[in-house]
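Participant: Here it is, the structure in full.
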Amino acid sequence: MSTTYNLFCLPSAGSSASMYGEWRKNTPEWLKVFPIEYAGHGGRCNESLASSTGEIIDDILPYILSVARENIILFGHSLGAALAVRLAKKMREIGIEQSVRLMILSGRPAPSCLQSSQTHPSLWSHEELVNRAKRYGGIPEIILNEPDILSFFLHILQNDLCINEELIKEDKVIFSFPIWGMTGEDDYVAPHKSVHQWKEWTNCWKGVSIFPGGHFFLRDEMSVQQIIEGISNILSPLE
């Protein structure tokens, strides 16, 4: 690859940029990885959590554009995938959609396959939040065993799930850049058919890749390596 690409990675609900921390160790020189940290998460935990999707987009888009204004790859997992779509819409709105060369939507059904929760996430008890997160495989044991840490985590998770609820219903657009979908073979949150429906959002659909594991299959180093190889395979013909 002769072109340098900039890969911006958006985490899932309740996660921080650290979920992509190992990616830089596995990337070739032509691919620069920039994990996105939402306000109130990880290294920004002293900041207030965003209260709306628009607030998140207004926060992270200027950062992305300060790093790169061309050869951008958007990668989002679960909630992060929905935010990547909203970012791309914003970039279209301000006339820079052509800066995006590829969008990768991981572990996220297309909006046509989603329904709003019967009760809003803001009304869920801590017990319900824990049970749902356990089903996703998203809470490390060290957090479950520390009540203060668990309470802090659940506050962030609940806020993120409220943001997620805003993104359930998303008006479809057709993007000019390729979209590549992916999911875990045991991911009941985002089964293959539901991710495949993102094909309606682009003129250049790259299909759905299925990886071993559940909703958090990205923790597997081999899967990350295959994703990087897939990015190369998609972009090489565009060189």
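Order determines the names: the first chain of the structure tokens is A, the second B, and so forth; residues in each chain are numbered 1 upward, and ligands are numbered 1 upward as they are shown.
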Could you list, as a list of chain:residue names, every residue within 9 Å of segment 54-57 of chain A, counting only C-alpha atoms and ignoring same-chain residues fewer than 2 positions away?

Facilitator: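 Counting only the stated atoms, we get A:Tyr38, A:Ala39, A:Ala50, A:Ser51, A:Ser52, A:Asp59, A:Ile60, A:Leu61, A:Pro62, A:Leu83, A:Arg86, A:Leu87, A:Lys90.
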
Participant: Since we have the selection now, will you write its residues out, keeping C-alpha atoms, as a compact mmCIF listing (two decimals), in the first residue's frame?

Facilitator:
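As a result, again13.txt now contains:
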# COMPACT_ATOMS: atom_id res chain seq x y z
CA TYR A 38 -15.91 9.45 24.44
CA ALA A 39 -16.28 12.11 27.14
CA ALA A 50 -22.58 13.30 26.77
CA SER A 51 -26.33 13.76 27.07
CA SER A 52 -27.17 13.23 23.38
CA ASP A 59 -17.15 16.41 20.33
CA ILE A 60 -15.36 13.80 18.25
CA LEU A 61 -15.69 15.09 14.68
CA PRO A 62 -13.39 18.10 15.28
CA LEU A 83 -22.17 6.54 15.90
CA ARG A 86 -24.09 9.33 12.32
CA LEU A 87 -20.56 10.73 11.87
CA LYS A 90 -22.57 14.71 9.47

Participant: Report as a PyMOL selection string all protein, DNA and RNA residues lying within 7 Å of segment 68-71 of chain A, evaluated on only C-alpha atoms, omitting residues in the same chain fewer than 4 positions from it.

Facilitator: chain A and resi 5-6+64+99-101

Participant: Among segment 40-180 of chain A, which ones does DSSP assign to strand (DSSP E) (computed from the backbone)? Answer as a PyMOL selection string.

Facilitator: chain A and resi 72-77+100-106+179-180

Participant: Name the residues of segment 26-210 of chain A that fall into helix (DSSP H, G or I) according to DSSP on the backbone, using the chain letters and numbers of this document, as a PyMOL selection string.

Facilitator: chain A and resi 26+42-44+53-67+79-93+97-99+111-113+121-123+126-136+141-144+147-166+192-201

Participant: Hey, can you spit out that residue selection with C-alpha atoms as a PDB file, in the first residue's frame?

Facilitator:
ATOM      1  CA  ASN A  26      -0.693  -5.330  14.768  1.00  0.00           C
ATOM      2  CA  GLY A  42     -11.483   5.879  30.090  1.00  0.00           C
ATOM      3  CA  GLY A  43      -8.870   8.603  29.973  1.00  0.00           C
ATOM      4  CA  ARG A  44     -11.633  11.225  29.899  1.00  0.00           C
ATOM      5  CA  THR A  53     -25.893  11.754  20.150  1.00  0.00           C
ATOM      6  CA  GLY A  54     -25.398  15.237  18.735  1.00  0.00           C
ATOM      7  CA  GLU A  55     -23.162  16.146  21.650  1.00  0.00           C
ATOM      8  CA  ILE A  56     -20.945  13.126  20.988  1.00  0.00           C
ATOM      9  CA  ILE A  57     -20.655  13.903  17.276  1.00  0.00           C
ATOM     10  CA  ASP A  58     -19.870  17.569  17.945  1.00  0.00           C
ATOM     11  CA  ASP A  59     -17.151  16.414  20.332  1.00  0.00           C
ATOM     12  CA  ILE A  60     -15.357  13.797  18.246  1.00  0.00           C
ATOM     13  CA  LEU A  61     -15.694  15.091  14.684  1.00  0.00           C
ATOM     14  CA  PRO A  62     -13.387  18.097  15.280  1.00  0.00           C
ATOM     15  CA  TYR A  63     -10.812  15.695  16.727  1.00  0.00           C
ATOM     16  CA  ILE A  64     -10.998  13.447  13.673  1.00  0.00           C
ATOM     17  CA  LEU A  65     -10.626  16.395  11.307  1.00  0.00           C
ATOM     18  CA  SER A  66      -7.677  17.727  13.312  1.00  0.00           C
ATOM     19  CA  VAL A  67      -5.900  14.433  12.657  1.00  0.00           C
ATOM     20  CA  LEU A  79     -22.982   1.515  19.666  1.00  0.00           C
ATOM     21  CA  GLY A  80     -19.778   2.707  18.001  1.00  0.00           C
ATOM     22  CA  ALA A  81     -21.042   1.463  14.639  1.00  0.00           C
ATOM     23  CA  ALA A  82     -24.230   3.489  14.969  1.00  0.00           C
ATOM     24  CA  LEU A  83     -22.169   6.543  15.900  1.00  0.00           C
ATOM     25  CA  ALA A  84     -19.904   5.936  12.878  1.00  0.00           C
ATOM     26  CA  VAL A  85     -22.985   6.103  10.650  1.00  0.00           C
ATOM     27  CA  ARG A  86     -24.093   9.328  12.319  1.00  0.00           C
ATOM     28  CA  LEU A  87     -20.565  10.733  11.873  1.00  0.00           C
ATOM     29  CA  ALA A  88     -20.648   9.874   8.181  1.00  0.00           C
ATOM     30  CA  LYS A  89     -24.010  11.604   7.844  1.00  0.00           C
ATOM     31  CA  LYS A  90     -22.569  14.714   9.473  1.00  0.00           C
ATOM     32  CA  MET A  91     -19.578  14.607   7.140  1.00  0.00           C
ATOM     33  CA  ARG A  92     -21.943  14.422   4.178  1.00  0.00           C
ATOM     34  CA  GLU A  93     -23.890  17.364   5.581  1.00  0.00           C
ATOM     35  CA  GLU A  97     -18.093  12.649   2.693  1.00  0.00           C
ATOM     36  CA  GLN A  98     -15.384  12.010   0.088  1.00  0.00           C
ATOM     37  CA  SER A  99     -12.823  11.999   2.922  1.00  0.00           C
ATOM     38  CA  PRO A 111     -31.856   0.013  11.799  1.00  0.00           C
ATOM     39  CA  SER A 112     -34.508  -1.926   9.854  1.00  0.00           C
ATOM     40  CA  CYS A 113     -33.784  -4.877  12.177  1.00  0.00           C
ATOM     41  CA  PRO A 121     -32.748   2.309  29.513  1.00  0.00           C
ATOM     42  CA  SER A 122     -32.873   5.249  31.928  1.00  0.00           C
ATOM     43  CA  LEU A 123     -35.442   3.230  33.918  1.00  0.00           C
ATOM     44  CA  HIS A 126     -28.568  -1.856  38.175  1.00  0.00           C
ATOM     45  CA  GLU A 127     -29.534  -5.523  38.380  1.00  0.00           C
ATOM     46  CA  GLU A 128     -31.074  -5.424  34.919  1.00  0.00           C
ATOM     47  CA  LEU A 129     -28.047  -3.599  33.522  1.00  0.00           C
ATOM     48  CA  VAL A 130     -25.721  -6.239  34.980  1.00  0.00           C
ATOM     49  CA  ASN A 131     -27.811  -9.093  33.583  1.00  0.00           C
ATOM     50  CA  ARG A 132     -27.909  -7.577  30.101  1.00  0.00           C
ATOM     51  CA  ALA A 133     -24.178  -6.828  30.113  1.00  0.00           C
ATOM     52  CA  LYS A 134     -23.413 -10.376  31.259  1.00  0.00           C
ATOM     53  CA  ARG A 135     -25.364 -11.749  28.306  1.00  0.00           C
ATOM     54  CA  TYR A 136     -23.191  -9.642  26.006  1.00  0.00           C
ATOM     55  CA  GLU A 141     -14.927 -10.364  36.483  1.00  0.00           C
ATOM     56  CA  ILE A 142     -12.698  -7.824  38.230  1.00  0.00           C
ATOM     57  CA  ILE A 143     -15.468  -5.222  37.826  1.00  0.00           C
ATOM     58  CA  LEU A 144     -18.248  -7.560  38.967  1.00  0.00           C
ATOM     59  CA  PRO A 147     -19.067  -2.808  44.045  1.00  0.00           C
ATOM     60  CA  ASP A 148     -17.719   0.752  43.723  1.00  0.00           C
ATOM     61  CA  ILE A 149     -16.134   0.085  40.348  1.00  0.00           C
ATOM     62  CA  LEU A 150     -19.250  -1.754  39.186  1.00  0.00           C
ATOM     63  CA  SER A 151     -21.479   1.176  40.160  1.00  0.00           C
ATOM     64  CA  PHE A 152     -19.230   3.601  38.246  1.00  0.00           C
ATOM     65  CA  PHE A 153     -19.252   1.307  35.201  1.00  0.00           C
ATOM     66  CA  LEU A 154     -23.040   0.881  35.269  1.00  0.00           C
ATOM     67  CA  HIS A 155     -23.526   4.652  35.361  1.00  0.00           C
ATOM     68  CA  ILE A 156     -21.496   4.949  32.148  1.00  0.00           C
ATOM     69  CA  LEU A 157     -23.196   1.936  30.558  1.00  0.00           C
ATOM     70  CA  GLN A 158     -26.680   3.241  31.330  1.00  0.00           C
ATOM     71  CA  ASN A 159     -25.851   6.628  29.807  1.00  0.00           C
ATOM     72  CA  ASP A 160     -24.459   4.938  26.683  1.00  0.00           C
ATOM     73  CA  LEU A 161     -27.560   2.787  26.329  1.00  0.00           C
ATOM     74  CA  CYS A 162     -29.710   5.915  26.490  1.00  0.00           C
ATOM     75  CA  ILE A 163     -27.593   7.342  23.656  1.00  0.00           C
ATOM     76  CA  ASN A 164     -28.036   4.050  21.821  1.00  0.00           C
ATOM     77  CA  GLU A 165     -31.803   4.377  22.105  1.00  0.00           C
ATOM     78  CA  GLU A 166     -31.585   7.612  20.087  1.00  0.00           C
ATOM     79  CA  HIS A 192     -25.481 -12.214  10.276  1.00  0.00           C
ATOM     80  CA  LYS A 193     -28.758 -11.421   8.518  1.00  0.00           C
ATOM     81  CA  SER A 194     -29.317  -8.249  10.546  1.00  0.00           C
ATOM     82  CA  VAL A 195     -25.820  -6.923   9.765  1.00  0.00           C
ATOM     83  CA  HIS A 196     -26.252  -7.843   6.095  1.00  0.00           C
ATOM     84  CA  GLN A 197     -29.062  -5.291   5.825  1.00  0.00           C
ATOM     85  CA  TRP A 198     -26.466  -2.509   5.875  1.00  0.00           C
ATOM     86  CA  LYS A 199     -26.047  -3.395   2.179  1.00  0.00           C
ATOM     87  CA  GLU A 200     -28.940  -1.001   1.535  1.00  0.00           C
ATOM     88  CA  TRP A 201     -26.813   1.922   2.774  1.00  0.00           C
TER      89      TRP A 201
END

Participant: From the list A:Gly95, A:Ala110, A:Leu7, A:Phe34, which residue is nearest Asp171 of chain A when using only C-alpha atoms?

Facilitator: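 Answer, going by the shortest atom-to-atom distance: A:Ala110.
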
Participant: Please indicate the distance in Å from atom CA of Ile96 of chain A to atom CA of Ser16 of chain A, rounded to one decimal place.

Facilitator: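 Going from atom CA of Ile96 of chain A over to atom CA of Ser16 of chain A, I get 26.8 Å.
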
Participant: Residues of segment 94-154 of chain A within 7 Å of segment 173-191 of chain A: nearest atom pair and distance (Å, one decimal) for each, counting only C-alpha atoms, sorted by chain and number, as a Markdown table?

Facilitator:
| residue | atom | partner | partner_atom | distance |
| --- | --- | --- | --- | --- |
| A:Val100 | CA | A:Phe177 | CA | 6.7 |
| A:Arg101 | CA | A:Phe177 | CA | 5.7 |
| A:Leu102 | CA | A:Pro178 | CA | 5.1 |
| A:Met103 | CA | A:Ile179 | CA | 4.9 |
| A:Ile104 | CA | A:Trp180 | CA | 4.8 |
| A:Leu105 | CA | A:Gly181 | CA | 4.9 |
| A:Ser106 | CA | A:Met182 | CA | 4.8 |
| A:Gly107 | CA | A:Thr183 | CA | 4.8 |
| A:Arg108 | CA | A:Ala190 | CA | 5.4 |
| A:Pro109 | CA | A:Ala190 | CA | 5.2 |

Participant: Restricting the output to C-alpha atoms, write the selected residues as a PDB file, in the first residue's frame.

Facilitator:
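Result saved to out.pdb:
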ATOM      1  CA  VAL A 100     -14.150   8.591   4.004  1.00  0.00           C
ATOM      2  CA  ARG A 101     -12.687   5.697   2.028  1.00  0.00           C
ATOM      3  CA  LEU A 102     -14.312   2.866   4.002  1.00  0.00           C
ATOM      4  CA  MET A 103     -16.738   2.336   6.879  1.00  0.00           C
ATOM      5  CA  ILE A 104     -16.702  -0.877   8.915  1.00  0.00           C
ATOM      6  CA  LEU A 105     -19.804  -1.676  10.963  1.00  0.00           C
ATOM      7  CA  SER A 106     -19.199  -4.364  13.562  1.00  0.00           C
ATOM      8  CA  GLY A 107     -21.686  -6.078  15.838  1.00  0.00           C
ATOM      9  CA  ARG A 108     -24.535  -3.782  14.848  1.00  0.00           C
ATOM     10  CA  PRO A 109     -27.801  -4.690  13.112  1.00  0.00           C
TER      11      PRO A 109
END

Participant: Would you mind telling me which residue in A:Leu235, A:Cys204, A:Lys172, A:Glu22 lies nearest to Met222 of chain A when using only C-alpha atoms?

Facilitator: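 For Met222 of chain A, the nearest of the candidates is A:Glu22.
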
Participant: Which residue is closest to Ile234 of chain A? Choose from A:Lys32, A:Lys206, A:His215, A:His120 and count only C-alpha atoms.

Facilitator: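 Closest to Ile234 of chain A of all the choices is A:Lys206.
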
Participant: Between atom CA of Val224 of chain A and atom CA of Val208 of chain A, what is the distance in Å, rounded to a tenth?

Facilitator: 15.1 Å

Participant: What lies within 9 Å of Ile228 of chain A using only C-alpha atoms, ignoring chain neighbours under 5 positions off, as a ChimeraX atom specification?

Facilitator: /A:26-28,31,223,233
